[in-house]
Amino acid sequence: MALIAAAILLVPILVVALCVSLTSPGPILYWSKRVGRFNQIFLMPKFRSMRVDTPTVATHLLEDPNRFLTPIGSFLRKSSLDELPQLWCILEGKMSFVGPRPALYNQYDLIELRTAHGVDKLLPGLTGWAQINGRDELPIPEKVKFDVEYLERRSFGFDISILFMTAGKVIRRKGIRH
């Protein structure tokens with residue numbers, strides 16, 4: 001499915017890559033260290049929406065995240081176009097379409113809570129139950145509560161419904177702060 005999605009989205013991927021290249025200096029992709037299944041670290045690509053001098057922390061921990069955005073960074077994040085390169089991680093088997101969003105390697109509180117509740121056994125996802133129930137607006141304990149609920153309820157049908165709900169959220173740009 002990831003290969004089919006990549007083929008269908010090839011033109012938008014190339015357009016976004018060109019726009020990133022033309023609007024800010026630095027690489028087109030940002031590779032961040034993320035926590036995968038069984039807390040294994042992997043590199044996850046995103047289209048770069050922040051300046052190259054941005055500190056490596058979760059966006060909500062930045063004093064003024066907006067000052068680090070590239071000229072098209074806000075649009076990329078609100079439209080979720082910055083996430084398209086993650087199809088590569090799905091092809092590699094490091095991510096799934098649906099699962100808990102992969103934590104940054106230094107989000108120790110999130111990693112610890114997920115591990116304590118067995119969520120670390122799941123492949124991280126491009127989208128997830130917590131994503132459609134609040135995304136950036138959720139505090140970590142609430143996010144983990146949704147991750148645990150997903151762990152307990154996961155099924156093909158639930159994944160399909162999460163994918164459709166995600167499409168609706170992305171279209172309405174709900175739950176995104178920056």
# chains A, B, ... in the order shown; residues from 1 in each chain; ligands from 1
$ select_by_dssp --residues "stretch 78-158 of chain A" --states "alpha helix (DSSP H)" --output "PDB file with all heavy atoms, in the first residue's frame"
ATOM      1  N   LYS A  78       0.427  22.369   8.766  1.00  0.00           N
ATOM      2  CA  LYS A  78      -1.034  22.385   8.869  1.00  0.00           C
ATOM      3  C   LYS A  78      -1.698  21.496   7.824  1.00  0.00           C
ATOM      4  O   LYS A  78      -2.760  20.947   8.068  1.00  0.00           O
ATOM      5  CB  LYS A  78      -1.557  23.812   8.778  1.00  0.00           C
ATOM      6  CG  LYS A  78      -1.252  24.600  10.041  1.00  0.00           C
ATOM      7  CD  LYS A  78      -1.763  26.007   9.988  1.00  0.00           C
ATOM      8  CE  LYS A  78      -1.415  26.703  11.299  1.00  0.00           C
ATOM      9  NZ  LYS A  78      -1.762  28.109  11.296  1.00  0.00           N
ATOM     10  N   SER A  79      -1.058  21.326   6.683  1.00  0.00           N
ATOM     11  CA  SER A  79      -1.605  20.459   5.634  1.00  0.00           C
ATOM     12  C   SER A  79      -1.108  19.028   5.772  1.00  0.00           C
ATOM     13  O   SER A  79      -1.549  18.140   5.038  1.00  0.00           O
ATOM     14  CB  SER A  79      -1.203  21.001   4.256  1.00  0.00           C
ATOM     15  OG  SER A  79       0.210  20.926   4.109  1.00  0.00           O
ATOM     16  N   LEU A  87       6.447   7.759   4.182  1.00  0.00           N
ATOM     17  CA  LEU A  87       6.101   6.558   3.419  1.00  0.00           C
ATOM     18  C   LEU A  87       7.337   5.665   3.282  1.00  0.00           C
ATOM     19  O   LEU A  87       7.222   4.440   3.226  1.00  0.00           O
ATOM     20  CB  LEU A  87       5.544   6.931   2.041  1.00  0.00           C
ATOM     21  CG  LEU A  87       4.143   7.545   2.033  1.00  0.00           C
ATOM     22  CD1 LEU A  87       3.812   8.105   0.656  1.00  0.00           C
ATOM     23  CD2 LEU A  87       3.109   6.528   2.475  1.00  0.00           C
ATOM     24  N   TRP A  88       8.521   6.274   3.240  1.00  0.00           N
ATOM     25  CA  TRP A  88       9.768   5.518   3.167  1.00  0.00           C
ATOM     26  C   TRP A  88       9.901   4.586   4.380  1.00  0.00           C
ATOM     27  O   TRP A  88      10.284   3.423   4.239  1.00  0.00           O
ATOM     28  CB  TRP A  88      10.962   6.473   3.077  1.00  0.00           C
ATOM     29  CG  TRP A  88      12.268   5.753   3.099  1.00  0.00           C
ATOM     30  CD1 TRP A  88      13.168   5.721   4.121  1.00  0.00           C
ATOM     31  CD2 TRP A  88      12.806   4.931   2.069  1.00  0.00           C
ATOM     32  NE1 TRP A  88      14.239   4.939   3.789  1.00  0.00           N
ATOM     33  CE2 TRP A  88      14.046   4.438   2.531  1.00  0.00           C
ATOM     34  CE3 TRP A  88      12.370   4.563   0.795  1.00  0.00           C
ATOM     35  CZ2 TRP A  88      14.844   3.592   1.773  1.00  0.00           C
ATOM     36  CZ3 TRP A  88      13.172   3.723   0.038  1.00  0.00           C
ATOM     37  CH2 TRP A  88      14.382   3.250   0.519  1.00  0.00           C
ATOM     38  N   CYS A  89       9.587   5.087   5.561  1.00  0.00           N
ATOM     39  CA  CYS A  89       9.685   4.272   6.787  1.00  0.00           C
ATOM     40  C   CYS A  89       8.679   3.129   6.775  1.00  0.00           C
ATOM     41  O   CYS A  89       8.944   2.056   7.331  1.00  0.00           O
ATOM     42  CB  CYS A  89       9.492   5.142   8.025  1.00  0.00           C
ATOM     43  SG  CYS A  89      10.837   6.297   8.291  1.00  0.00           S
ATOM     44  N   ILE A  90       7.530   3.354   6.143  1.00  0.00           N
ATOM     45  CA  ILE A  90       6.544   2.275   6.022  1.00  0.00           C
ATOM     46  C   ILE A  90       7.091   1.212   5.083  1.00  0.00           C
ATOM     47  O   ILE A  90       7.006   0.009   5.371  1.00  0.00           O
ATOM     48  CB  ILE A  90       5.181   2.823   5.552  1.00  0.00           C
ATOM     49  CG1 ILE A  90       4.609   3.769   6.615  1.00  0.00           C
ATOM     50  CG2 ILE A  90       4.204   1.683   5.261  1.00  0.00           C
ATOM     51  CD1 ILE A  90       3.362   4.525   6.186  1.00  0.00           C
ATOM     52  N   LEU A  91       7.694   1.640   3.968  1.00  0.00           N
ATOM     53  CA  LEU A  91       8.298   0.693   3.034  1.00  0.00           C
ATOM     54  C   LEU A  91       9.418  -0.107   3.698  1.00  0.00           C
ATOM     55  O   LEU A  91       9.588  -1.295   3.431  1.00  0.00           O
ATOM     56  CB  LEU A  91       8.838   1.415   1.800  1.00  0.00           C
ATOM     57  CG  LEU A  91       7.791   1.944   0.830  1.00  0.00           C
ATOM     58  CD1 LEU A  91       8.429   2.882  -0.183  1.00  0.00           C
ATOM     59  CD2 LEU A  91       7.085   0.793   0.135  1.00  0.00           C
ATOM     60  N   GLU A  92      10.165   0.529   4.585  1.00  0.00           N
ATOM     61  CA  GLU A  92      11.260  -0.143   5.295  1.00  0.00           C
ATOM     62  C   GLU A  92      10.771  -1.070   6.406  1.00  0.00           C
ATOM     63  O   GLU A  92      11.548  -1.861   6.937  1.00  0.00           O
ATOM     64  CB  GLU A  92      12.176   0.891   5.950  1.00  0.00           C
ATOM     65  CG  GLU A  92      13.105   1.611   5.026  1.00  0.00           C
ATOM     66  CD  GLU A  92      14.059   2.489   5.820  1.00  0.00           C
ATOM     67  OE1 GLU A  92      13.615   3.244   6.698  1.00  0.00           O
ATOM     68  OE2 GLU A  92      15.273   2.401   5.550  1.00  0.00           O
ATOM     69  N   TYR A 108      11.565  11.529  26.934  1.00  0.00           N
ATOM     70  CA  TYR A 108      11.686  10.445  27.913  1.00  0.00           C
ATOM     71  C   TYR A 108      10.395  10.163  28.659  1.00  0.00           C
ATOM     72  O   TYR A 108      10.080   9.004  28.934  1.00  0.00           O
ATOM     73  CB  TYR A 108      12.828  10.753  28.891  1.00  0.00           C
ATOM     74  CG  TYR A 108      14.132  11.016  28.189  1.00  0.00           C
ATOM     75  CD1 TYR A 108      14.729  12.275  28.227  1.00  0.00           C
ATOM     76  CD2 TYR A 108      14.761  10.011  27.453  1.00  0.00           C
ATOM     77  CE1 TYR A 108      15.920  12.514  27.561  1.00  0.00           C
ATOM     78  CE2 TYR A 108      15.955  10.249  26.786  1.00  0.00           C
ATOM     79  CZ  TYR A 108      16.536  11.506  26.846  1.00  0.00           C
ATOM     80  OH  TYR A 108      17.705  11.739  26.181  1.00  0.00           O
ATOM     81  N   ASP A 109       9.643  11.216  28.990  1.00  0.00           N
ATOM     82  CA  ASP A 109       8.396  11.006  29.727  1.00  0.00           C
ATOM     83  C   ASP A 109       7.387  10.221  28.887  1.00  0.00           C
ATOM     84  O   ASP A 109       6.738   9.301  29.379  1.00  0.00           O
ATOM     85  CB  ASP A 109       7.806  12.336  30.213  1.00  0.00           C
ATOM     86  CG  ASP A 109       7.757  13.421  29.138  1.00  0.00           C
ATOM     87  OD1 ASP A 109       8.285  13.211  28.025  1.00  0.00           O
ATOM     88  OD2 ASP A 109       7.183  14.486  29.411  1.00  0.00           O
ATOM     89  N   LEU A 110       7.279  10.538  27.613  1.00  0.00           N
ATOM     90  CA  LEU A 110       6.364   9.833  26.717  1.00  0.00           C
ATOM     91  C   LEU A 110       6.820   8.386  26.512  1.00  0.00           C
ATOM     92  O   LEU A 110       6.017   7.452  26.591  1.00  0.00           O
ATOM     93  CB  LEU A 110       6.276  10.570  25.376  1.00  0.00           C
ATOM     94  CG  LEU A 110       5.431   9.926  24.277  1.00  0.00           C
ATOM     95  CD1 LEU A 110       3.990   9.716  24.728  1.00  0.00           C
ATOM     96  CD2 LEU A 110       5.478  10.777  23.014  1.00  0.00           C
ATOM     97  N   ILE A 111       8.103   8.201  26.285  1.00  0.00           N
ATOM     98  CA  ILE A 111       8.654   6.855  26.067  1.00  0.00           C
ATOM     99  C   ILE A 111       8.430   5.981  27.303  1.00  0.00           C
ATOM    100  O   ILE A 111       7.998   4.828  27.197  1.00  0.00           O
ATOM    101  CB  ILE A 111      10.156   6.932  25.717  1.00  0.00           C
ATOM    102  CG1 ILE A 111      10.352   7.680  24.400  1.00  0.00           C
ATOM    103  CG2 ILE A 111      10.784   5.536  25.656  1.00  0.00           C
ATOM    104  CD1 ILE A 111      11.782   8.148  24.149  1.00  0.00           C
ATOM    105  N   GLU A 112       8.690   6.538  28.472  1.00  0.00           N
ATOM    106  CA  GLU A 112       8.536   5.792  29.726  1.00  0.00           C
ATOM    107  C   GLU A 112       7.084   5.362  29.944  1.00  0.00           C
ATOM    108  O   GLU A 112       6.810   4.215  30.303  1.00  0.00           O
ATOM    109  CB  GLU A 112       9.029   6.645  30.896  1.00  0.00           C
ATOM    110  CG  GLU A 112       9.009   5.921  32.225  1.00  0.00           C
ATOM    111  CD  GLU A 112       9.532   6.800  33.353  1.00  0.00           C
ATOM    112  OE1 GLU A 112      10.468   7.593  33.121  1.00  0.00           O
ATOM    113  OE2 GLU A 112       8.991   6.693  34.466  1.00  0.00           O
ATOM    114  N   LEU A 113       6.156   6.286  29.737  1.00  0.00           N
ATOM    115  CA  LEU A 113       4.735   5.960  29.925  1.00  0.00           C
ATOM    116  C   LEU A 113       4.262   4.911  28.916  1.00  0.00           C
ATOM    117  O   LEU A 113       3.530   3.981  29.276  1.00  0.00           O
ATOM    118  CB  LEU A 113       3.886   7.218  29.784  1.00  0.00           C
ATOM    119  CG  LEU A 113       3.495   7.948  31.051  1.00  0.00           C
ATOM    120  CD1 LEU A 113       2.700   9.203  30.733  1.00  0.00           C
ATOM    121  CD2 LEU A 113       2.718   7.061  31.997  1.00  0.00           C
ATOM    122  N   ARG A 114       4.668   5.064  27.661  1.00  0.00           N
ATOM    123  CA  ARG A 114       4.275   4.083  26.646  1.00  0.00           C
ATOM    124  C   ARG A 114       4.834   2.700  26.975  1.00  0.00           C
ATOM    125  O   ARG A 114       4.147   1.703  26.830  1.00  0.00           O
ATOM    126  CB  ARG A 114       4.748   4.524  25.263  1.00  0.00           C
ATOM    127  CG  ARG A 114       3.892   5.612  24.652  1.00  0.00           C
ATOM    128  CD  ARG A 114       4.409   6.011  23.311  1.00  0.00           C
ATOM    129  NE  ARG A 114       3.474   6.862  22.599  1.00  0.00           N
ATOM    130  CZ  ARG A 114       3.749   7.467  21.461  1.00  0.00           C
ATOM    131  NH1 ARG A 114       4.938   7.319  20.888  1.00  0.00           N
ATOM    132  NH2 ARG A 114       2.845   8.220  20.872  1.00  0.00           N
ATOM    133  N   THR A 115       6.082   2.651  27.421  1.00  0.00           N
ATOM    134  CA  THR A 115       6.702   1.371  27.770  1.00  0.00           C
ATOM    135  C   THR A 115       5.980   0.727  28.941  1.00  0.00           C
ATOM    136  O   THR A 115       5.711  -0.479  28.932  1.00  0.00           O
ATOM    137  CB  THR A 115       8.205   1.571  28.085  1.00  0.00           C
ATOM    138  OG1 THR A 115       8.831   2.183  26.943  1.00  0.00           O
ATOM    139  CG2 THR A 115       8.889   0.253  28.387  1.00  0.00           C
ATOM    140  N   ALA A 116       5.642   1.513  29.941  1.00  0.00           N
ATOM    141  CA  ALA A 116       4.947   0.998  31.126  1.00  0.00           C
ATOM    142  C   ALA A 116       3.586   0.389  30.768  1.00  0.00           C
ATOM    143  O   ALA A 116       3.118  -0.524  31.442  1.00  0.00           O
ATOM    144  CB  ALA A 116       4.765   2.110  32.156  1.00  0.00           C
ATOM    145  N   TRP A 129      -4.678   6.850  16.765  1.00  0.00           N
ATOM    146  CA  TRP A 129      -5.875   7.188  17.515  1.00  0.00           C
ATOM    147  C   TRP A 129      -5.696   8.494  18.286  1.00  0.00           C
ATOM    148  O   TRP A 129      -6.590   9.333  18.333  1.00  0.00           O
ATOM    149  CB  TRP A 129      -6.223   6.022  18.433  1.00  0.00           C
ATOM    150  CG  TRP A 129      -7.535   6.091  19.139  1.00  0.00           C
ATOM    151  CD1 TRP A 129      -7.735   5.904  20.471  1.00  0.00           C
ATOM    152  CD2 TRP A 129      -8.837   6.333  18.591  1.00  0.00           C
ATOM    153  NE1 TRP A 129      -9.073   6.014  20.782  1.00  0.00           N
ATOM    154  CE2 TRP A 129      -9.774   6.280  19.636  1.00  0.00           C
ATOM    155  CE3 TRP A 129      -9.303   6.596  17.301  1.00  0.00           C
ATOM    156  CZ2 TRP A 129     -11.141   6.481  19.449  1.00  0.00           C
ATOM    157  CZ3 TRP A 129     -10.664   6.803  17.114  1.00  0.00           C
ATOM    158  CH2 TRP A 129     -11.562   6.746  18.171  1.00  0.00           C
ATOM    159  N   ALA A 130      -4.527   8.683  18.899  1.00  0.00           N
ATOM    160  CA  ALA A 130      -4.267   9.939  19.614  1.00  0.00           C
ATOM    161  C   ALA A 130      -4.229  11.117  18.639  1.00  0.00           C
ATOM    162  O   ALA A 130      -4.668  12.218  18.976  1.00  0.00           O
ATOM    163  CB  ALA A 130      -2.957   9.846  20.397  1.00  0.00           C
ATOM    164  N   GLN A 131      -3.717  10.877  17.441  1.00  0.00           N
ATOM    165  CA  GLN A 131      -3.635  11.943  16.440  1.00  0.00           C
ATOM    166  C   GLN A 131      -5.004  12.520  16.118  1.00  0.00           C
ATOM    167  O   GLN A 131      -5.164  13.721  16.000  1.00  0.00           O
ATOM    168  CB  GLN A 131      -3.016  11.416  15.139  1.00  0.00           C
ATOM    169  CG  GLN A 131      -1.538  11.199  15.183  1.00  0.00           C
ATOM    170  CD  GLN A 131      -0.773  12.480  15.311  1.00  0.00           C
ATOM    171  OE1 GLN A 131      -0.356  12.829  16.394  1.00  0.00           O
ATOM    172  NE2 GLN A 131      -0.579  13.177  14.236  1.00  0.00           N
ATOM    173  N   ILE A 132      -5.979  11.650  15.952  1.00  0.00           N
ATOM    174  CA  ILE A 132      -7.299  12.161  15.569  1.00  0.00           C
ATOM    175  C   ILE A 132      -8.120  12.617  16.764  1.00  0.00           C
ATOM    176  O   ILE A 132      -9.184  13.198  16.590  1.00  0.00           O
ATOM    177  CB  ILE A 132      -8.088  11.153  14.711  1.00  0.00           C
ATOM    178  CG1 ILE A 132      -8.344   9.881  15.480  1.00  0.00           C
ATOM    179  CG2 ILE A 132      -7.382  10.877  13.414  1.00  0.00           C
ATOM    180  CD1 ILE A 132      -9.342   8.980  14.819  1.00  0.00           C
ATOM    181  N   ILE A 140       0.790  14.659  27.439  1.00  0.00           N
ATOM    182  CA  ILE A 140       1.361  13.326  27.277  1.00  0.00           C
ATOM    183  C   ILE A 140       0.533  12.215  27.933  1.00  0.00           C
ATOM    184  O   ILE A 140       0.269  11.196  27.286  1.00  0.00           O
ATOM    185  CB  ILE A 140       2.843  13.323  27.709  1.00  0.00           C
ATOM    186  CG1 ILE A 140       3.644  14.047  26.632  1.00  0.00           C
ATOM    187  CG2 ILE A 140       3.369  11.918  27.940  1.00  0.00           C
ATOM    188  CD1 ILE A 140       5.088  14.275  26.940  1.00  0.00           C
ATOM    189  N   PRO A 141       0.072  12.347  29.182  1.00  0.00           N
ATOM    190  CA  PRO A 141      -0.728  11.251  29.766  1.00  0.00           C
ATOM    191  C   PRO A 141      -2.000  10.946  28.957  1.00  0.00           C
ATOM    192  O   PRO A 141      -2.388   9.791  28.812  1.00  0.00           O
ATOM    193  CB  PRO A 141      -1.076  11.755  31.168  1.00  0.00           C
ATOM    194  CG  PRO A 141      -0.008  12.751  31.479  1.00  0.00           C
ATOM    195  CD  PRO A 141       0.331  13.411  30.167  1.00  0.00           C
ATOM    196  N   GLU A 142      -2.617  11.981  28.417  1.00  0.00           N
ATOM    197  CA  GLU A 142      -3.816  11.799  27.601  1.00  0.00           C
ATOM    198  C   GLU A 142      -3.473  11.087  26.284  1.00  0.00           C
ATOM    199  O   GLU A 142      -4.202  10.208  25.821  1.00  0.00           O
ATOM    200  CB  GLU A 142      -4.455  13.166  27.327  1.00  0.00           C
ATOM    201  CG  GLU A 142      -5.827  13.098  26.730  1.00  0.00           C
ATOM    202  CD  GLU A 142      -6.896  12.732  27.735  1.00  0.00           C
ATOM    203  OE1 GLU A 142      -6.641  12.726  28.948  1.00  0.00           O
ATOM    204  OE2 GLU A 142      -8.011  12.404  27.293  1.00  0.00           O
ATOM    205  N   LYS A 143      -2.361  11.486  25.685  1.00  0.00           N
ATOM    206  CA  LYS A 143      -1.891  10.857  24.449  1.00  0.00           C
ATOM    207  C   LYS A 143      -1.665   9.359  24.682  1.00  0.00           C
ATOM    208  O   LYS A 143      -2.095   8.520  23.883  1.00  0.00           O
ATOM    209  CB  LYS A 143      -0.576  11.528  24.023  1.00  0.00           C
ATOM    210  CG  LYS A 143      -0.158  11.274  22.609  1.00  0.00           C
ATOM    211  CD  LYS A 143       1.093  12.062  22.251  1.00  0.00           C
ATOM    212  CE  LYS A 143       0.766  13.527  22.131  1.00  0.00           C
ATOM    213  NZ  LYS A 143       1.855  14.345  21.586  1.00  0.00           N
ATOM    214  N   VAL A 144      -1.021   9.020  25.790  1.00  0.00           N
ATOM    215  CA  VAL A 144      -0.744   7.617  26.102  1.00  0.00           C
ATOM    216  C   VAL A 144      -2.043   6.860  26.367  1.00  0.00           C
ATOM    217  O   VAL A 144      -2.173   5.692  25.985  1.00  0.00           O
ATOM    218  CB  VAL A 144       0.254   7.497  27.278  1.00  0.00           C
ATOM    219  CG1 VAL A 144       0.409   6.046  27.725  1.00  0.00           C
ATOM    220  CG2 VAL A 144       1.604   8.077  26.882  1.00  0.00           C
ATOM    221  N   LYS A 145      -3.014   7.518  26.973  1.00  0.00           N
ATOM    222  CA  LYS A 145      -4.316   6.883  27.197  1.00  0.00           C
ATOM    223  C   LYS A 145      -4.929   6.450  25.864  1.00  0.00           C
ATOM    224  O   LYS A 145      -5.445   5.332  25.732  1.00  0.00           O
ATOM    225  CB  LYS A 145      -5.250   7.840  27.940  1.00  0.00           C
ATOM    226  CG  LYS A 145      -6.600   7.239  28.306  1.00  0.00           C
ATOM    227  CD  LYS A 145      -7.512   8.268  28.926  1.00  0.00           C
ATOM    228  CE  LYS A 145      -8.466   8.643  27.847  1.00  0.00           C
ATOM    229  NZ  LYS A 145      -9.501   9.507  27.977  1.00  0.00           N
ATOM    230  N   PHE A 146      -4.862   7.314  24.866  1.00  0.00           N
ATOM    231  CA  PHE A 146      -5.375   6.963  23.536  1.00  0.00           C
ATOM    232  C   PHE A 146      -4.522   5.875  22.884  1.00  0.00           C
ATOM    233  O   PHE A 146      -5.045   4.998  22.190  1.00  0.00           O
ATOM    234  CB  PHE A 146      -5.460   8.202  22.637  1.00  0.00           C
ATOM    235  CG  PHE A 146      -6.635   9.079  22.942  1.00  0.00           C
ATOM    236  CD1 PHE A 146      -6.438  10.350  23.458  1.00  0.00           C
ATOM    237  CD2 PHE A 146      -7.935   8.648  22.728  1.00  0.00           C
ATOM    238  CE1 PHE A 146      -7.516  11.173  23.755  1.00  0.00           C
ATOM    239  CE2 PHE A 146      -9.021   9.453  23.007  1.00  0.00           C
ATOM    240  CZ  PHE A 146      -8.801  10.728  23.531  1.00  0.00           C
ATOM    241  N   ASP A 147      -3.205   5.918  23.089  1.00  0.00           N
ATOM    242  CA  ASP A 147      -2.328   4.871  22.544  1.00  0.00           C
ATOM    243  C   ASP A 147      -2.680   3.506  23.138  1.00  0.00           C
ATOM    244  O   ASP A 147      -2.712   2.498  22.427  1.00  0.00           O
ATOM    245  CB  ASP A 147      -0.854   5.188  22.836  1.00  0.00           C
ATOM    246  CG  ASP A 147      -0.333   6.390  22.065  1.00  0.00           C
ATOM    247  OD1 ASP A 147      -0.932   6.754  21.033  1.00  0.00           O
ATOM    248  OD2 ASP A 147       0.691   6.961  22.509  1.00  0.00           O
ATOM    249  N   VAL A 148      -2.958   3.468  24.438  1.00  0.00           N
ATOM    250  CA  VAL A 148      -3.339   2.221  25.108  1.00  0.00           C
ATOM    251  C   VAL A 148      -4.693   1.738  24.576  1.00  0.00           C
ATOM    252  O   VAL A 148      -4.880   0.543  24.314  1.00  0.00           O
ATOM    253  CB  VAL A 148      -3.372   2.398  26.644  1.00  0.00           C
ATOM    254  CG1 VAL A 148      -3.995   1.179  27.330  1.00  0.00           C
ATOM    255  CG2 VAL A 148      -1.966   2.659  27.177  1.00  0.00           C
ATOM    256  N   GLU A 149      -5.609   2.669  24.395  1.00  0.00           N
ATOM    257  CA  GLU A 149      -6.914   2.303  23.839  1.00  0.00           C
ATOM    258  C   GLU A 149      -6.750   1.710  22.447  1.00  0.00           C
ATOM    259  O   GLU A 149      -7.387   0.709  22.102  1.00  0.00           O
ATOM    260  CB  GLU A 149      -7.838   3.519  23.802  1.00  0.00           C
ATOM    261  CG  GLU A 149      -9.248   3.176  23.383  1.00  0.00           C
ATOM    262  CD  GLU A 149     -10.182   4.381  23.372  1.00  0.00           C
ATOM    263  OE1 GLU A 149      -9.881   5.399  24.019  1.00  0.00           O
ATOM    264  OE2 GLU A 149     -11.226   4.280  22.705  1.00  0.00           O
ATOM    265  N   TYR A 150      -5.857   2.298  21.650  1.00  0.00           N
ATOM    266  CA  TYR A 150      -5.595   1.750  20.315  1.00  0.00           C
ATOM    267  C   TYR A 150      -5.017   0.336  20.426  1.00  0.00           C
ATOM    268  O   TYR A 150      -5.440  -0.576  19.710  1.00  0.00           O
ATOM    269  CB  TYR A 150      -4.644   2.652  19.516  1.00  0.00           C
ATOM    270  CG  TYR A 150      -4.246   2.004  18.215  1.00  0.00           C
ATOM    271  CD1 TYR A 150      -5.145   1.924  17.158  1.00  0.00           C
ATOM    272  CD2 TYR A 150      -3.001   1.421  18.063  1.00  0.00           C
ATOM    273  CE1 TYR A 150      -4.807   1.285  15.971  1.00  0.00           C
ATOM    274  CE2 TYR A 150      -2.648   0.783  16.884  1.00  0.00           C
ATOM    275  CZ  TYR A 150      -3.558   0.719  15.847  1.00  0.00           C
ATOM    276  OH  TYR A 150      -3.225   0.067  14.683  1.00  0.00           O
ATOM    277  N   LEU A 151      -4.069   0.138  21.329  1.00  0.00           N
ATOM    278  CA  LEU A 151      -3.454  -1.170  21.544  1.00  0.00           C
ATOM    279  C   LEU A 151      -4.525  -2.224  21.848  1.00  0.00           C
ATOM    280  O   LEU A 151      -4.486  -3.338  21.315  1.00  0.00           O
ATOM    281  CB  LEU A 151      -2.445  -1.089  22.697  1.00  0.00           C
ATOM    282  CG  LEU A 151      -1.800  -2.387  23.174  1.00  0.00           C
ATOM    283  CD1 LEU A 151      -0.903  -2.969  22.092  1.00  0.00           C
ATOM    284  CD2 LEU A 151      -1.003  -2.143  24.451  1.00  0.00           C
ATOM    285  N   GLU A 152      -5.482  -1.862  22.659  1.00  0.00           N
ATOM    286  CA  GLU A 152      -6.530  -2.794  23.065  1.00  0.00           C
ATOM    287  C   GLU A 152      -7.593  -3.024  21.988  1.00  0.00           C
ATOM    288  O   GLU A 152      -8.177  -4.104  21.898  1.00  0.00           O
ATOM    289  CB  GLU A 152      -7.209  -2.286  24.345  1.00  0.00           C
ATOM    290  CG  GLU A 152      -6.272  -2.294  25.540  1.00  0.00           C
ATOM    291  CD  GLU A 152      -6.803  -1.531  26.746  1.00  0.00           C
ATOM    292  OE1 GLU A 152      -7.845  -0.827  26.622  1.00  0.00           O
ATOM    293  OE2 GLU A 152      -6.158  -1.621  27.812  1.00  0.00           O
ATOM    294  N   ARG A 153      -7.830  -2.016  21.148  1.00  0.00           N
ATOM    295  CA  ARG A 153      -8.907  -2.101  20.147  1.00  0.00           C
ATOM    296  C   ARG A 153      -8.433  -2.398  18.737  1.00  0.00           C
ATOM    297  O   ARG A 153      -9.256  -2.583  17.840  1.00  0.00           O
ATOM    298  CB  ARG A 153      -9.675  -0.773  20.101  1.00  0.00           C
ATOM    299  CG  ARG A 153     -10.461  -0.457  21.337  1.00  0.00           C
ATOM    300  CD  ARG A 153     -11.209   0.851  21.198  1.00  0.00           C
ATOM    301  NE  ARG A 153     -12.097   0.876  20.042  1.00  0.00           N
ATOM    302  CZ  ARG A 153     -12.678   1.972  19.586  1.00  0.00           C
ATOM    303  NH1 ARG A 153     -12.468   3.130  20.167  1.00  0.00           N
ATOM    304  NH2 ARG A 153     -13.466   1.919  18.539  1.00  0.00           N
ATOM    305  N   PHE A 156      -8.172  -4.374  11.749  1.00  0.00           N
ATOM    306  CA  PHE A 156      -8.150  -3.816  10.404  1.00  0.00           C
ATOM    307  C   PHE A 156      -9.242  -2.759  10.246  1.00  0.00           C
ATOM    308  O   PHE A 156      -9.003  -1.675   9.720  1.00  0.00           O
ATOM    309  CB  PHE A 156      -8.318  -4.936   9.365  1.00  0.00           C
ATOM    310  CG  PHE A 156      -8.285  -4.443   7.952  1.00  0.00           C
ATOM    311  CD1 PHE A 156      -7.095  -4.027   7.371  1.00  0.00           C
ATOM    312  CD2 PHE A 156      -9.445  -4.384   7.202  1.00  0.00           C
ATOM    313  CE1 PHE A 156      -7.062  -3.555   6.062  1.00  0.00           C
ATOM    314  CE2 PHE A 156      -9.431  -3.915   5.898  1.00  0.00           C
ATOM    315  CZ  PHE A 156      -8.224  -3.502   5.323  1.00  0.00           C
ATOM    316  N   GLY A 157     -10.431  -3.059  10.740  1.00  0.00           N
ATOM    317  CA  GLY A 157     -11.547  -2.112  10.631  1.00  0.00           C
ATOM    318  C   GLY A 157     -11.290  -0.820  11.390  1.00  0.00           C
ATOM    319  O   GLY A 157     -11.606   0.267  10.893  1.00  0.00           O
ATOM    320  N   PHE A 158     -10.706  -0.935  12.601  1.00  0.00           N
ATOM    321  CA  PHE A 158     -10.389   0.257  13.391  1.00  0.00           C
ATOM    322  C   PHE A 158      -9.330   1.095  12.664  1.00  0.00           C
ATOM    323  O   PHE A 158      -9.442   2.319  12.600  1.00  0.00           O
ATOM    324  CB  PHE A 158      -9.921  -0.166  14.785  1.00  0.00           C
ATOM    325  CG  PHE A 158      -9.835   0.944  15.793  1.00  0.00           C
ATOM    326  CD1 PHE A 158     -10.777   1.956  15.859  1.00  0.00           C
ATOM    327  CD2 PHE A 158      -8.791   0.968  16.711  1.00  0.00           C
ATOM    328  CE1 PHE A 158     -10.703   2.972  16.804  1.00  0.00           C
ATOM    329  CE2 PHE A 158      -8.697   1.973  17.660  1.00  0.00           C
ATOM    330  CZ  PHE A 158      -9.660   2.978  17.705  1.00  0.00           C
TER     331      PHE A 158
END
$ select_by_dssp --residues "stretch 1-177 of chain A" --states "strand (DSSP E or B)" --output "PyMOL selection string"
chain A and resi 29-35+41-47+50+69+96-98+103-104+125-127
$ closest_atom_pairs --of "stretch 71-98 of chain A" --to "stretch 122-127 of chain A" --cutoff "10 Å" --atoms "only C-alpha atoms" --output "JSON lines"
{"residue": "A:Glu83", "atom": "CA", "partner": "A:Leu126", "partner_atom": "CA", "distance": 7.6}
{"residue": "A:Leu84", "atom": "CA", "partner": "A:Leu126", "partner_atom": "CA", "distance": 8.9}
{"residue": "A:Gln86", "atom": "CA", "partner": "A:Leu126", "partner_atom": "CA", "distance": 7.0}
{"residue": "A:Leu87", "atom": "CA", "partner": "A:Leu126", "partner_atom": "CA", "distance": 8.0}
{"residue": "A:Cys89", "atom": "CA", "partner": "A:Leu126", "partner_atom": "CA", "distance": 9.2}
{"residue": "A:Ile90", "atom": "CA", "partner": "A:Leu126", "partner_atom": "CA", "distance": 8.3}
{"residue": "A:Gly93", "atom": "CA", "partner": "A:Leu123", "partner_atom": "CA", "distance": 8.5}
{"residue": "A:Lys94", "atom": "CA", "partner": "A:Leu123", "partner_atom": "CA", "distance": 6.8}
{"residue": "A:Met95", "atom": "CA", "partner": "A:Pro124", "partner_atom": "CA", "distance": 5.1}
{"residue": "A:Ser96", "atom": "CA", "partner": "A:Gly125", "partner_atom": "CA", "distance": 4.6}
{"residue": "A:Phe97", "atom": "CA", "partner": "A:Leu126", "partner_atom": "CA", "distance": 4.9}
{"residue": "A:Val98", "atom": "CA", "partner": "A:Gly125", "partner_atom": "CA", "distance": 4.3}
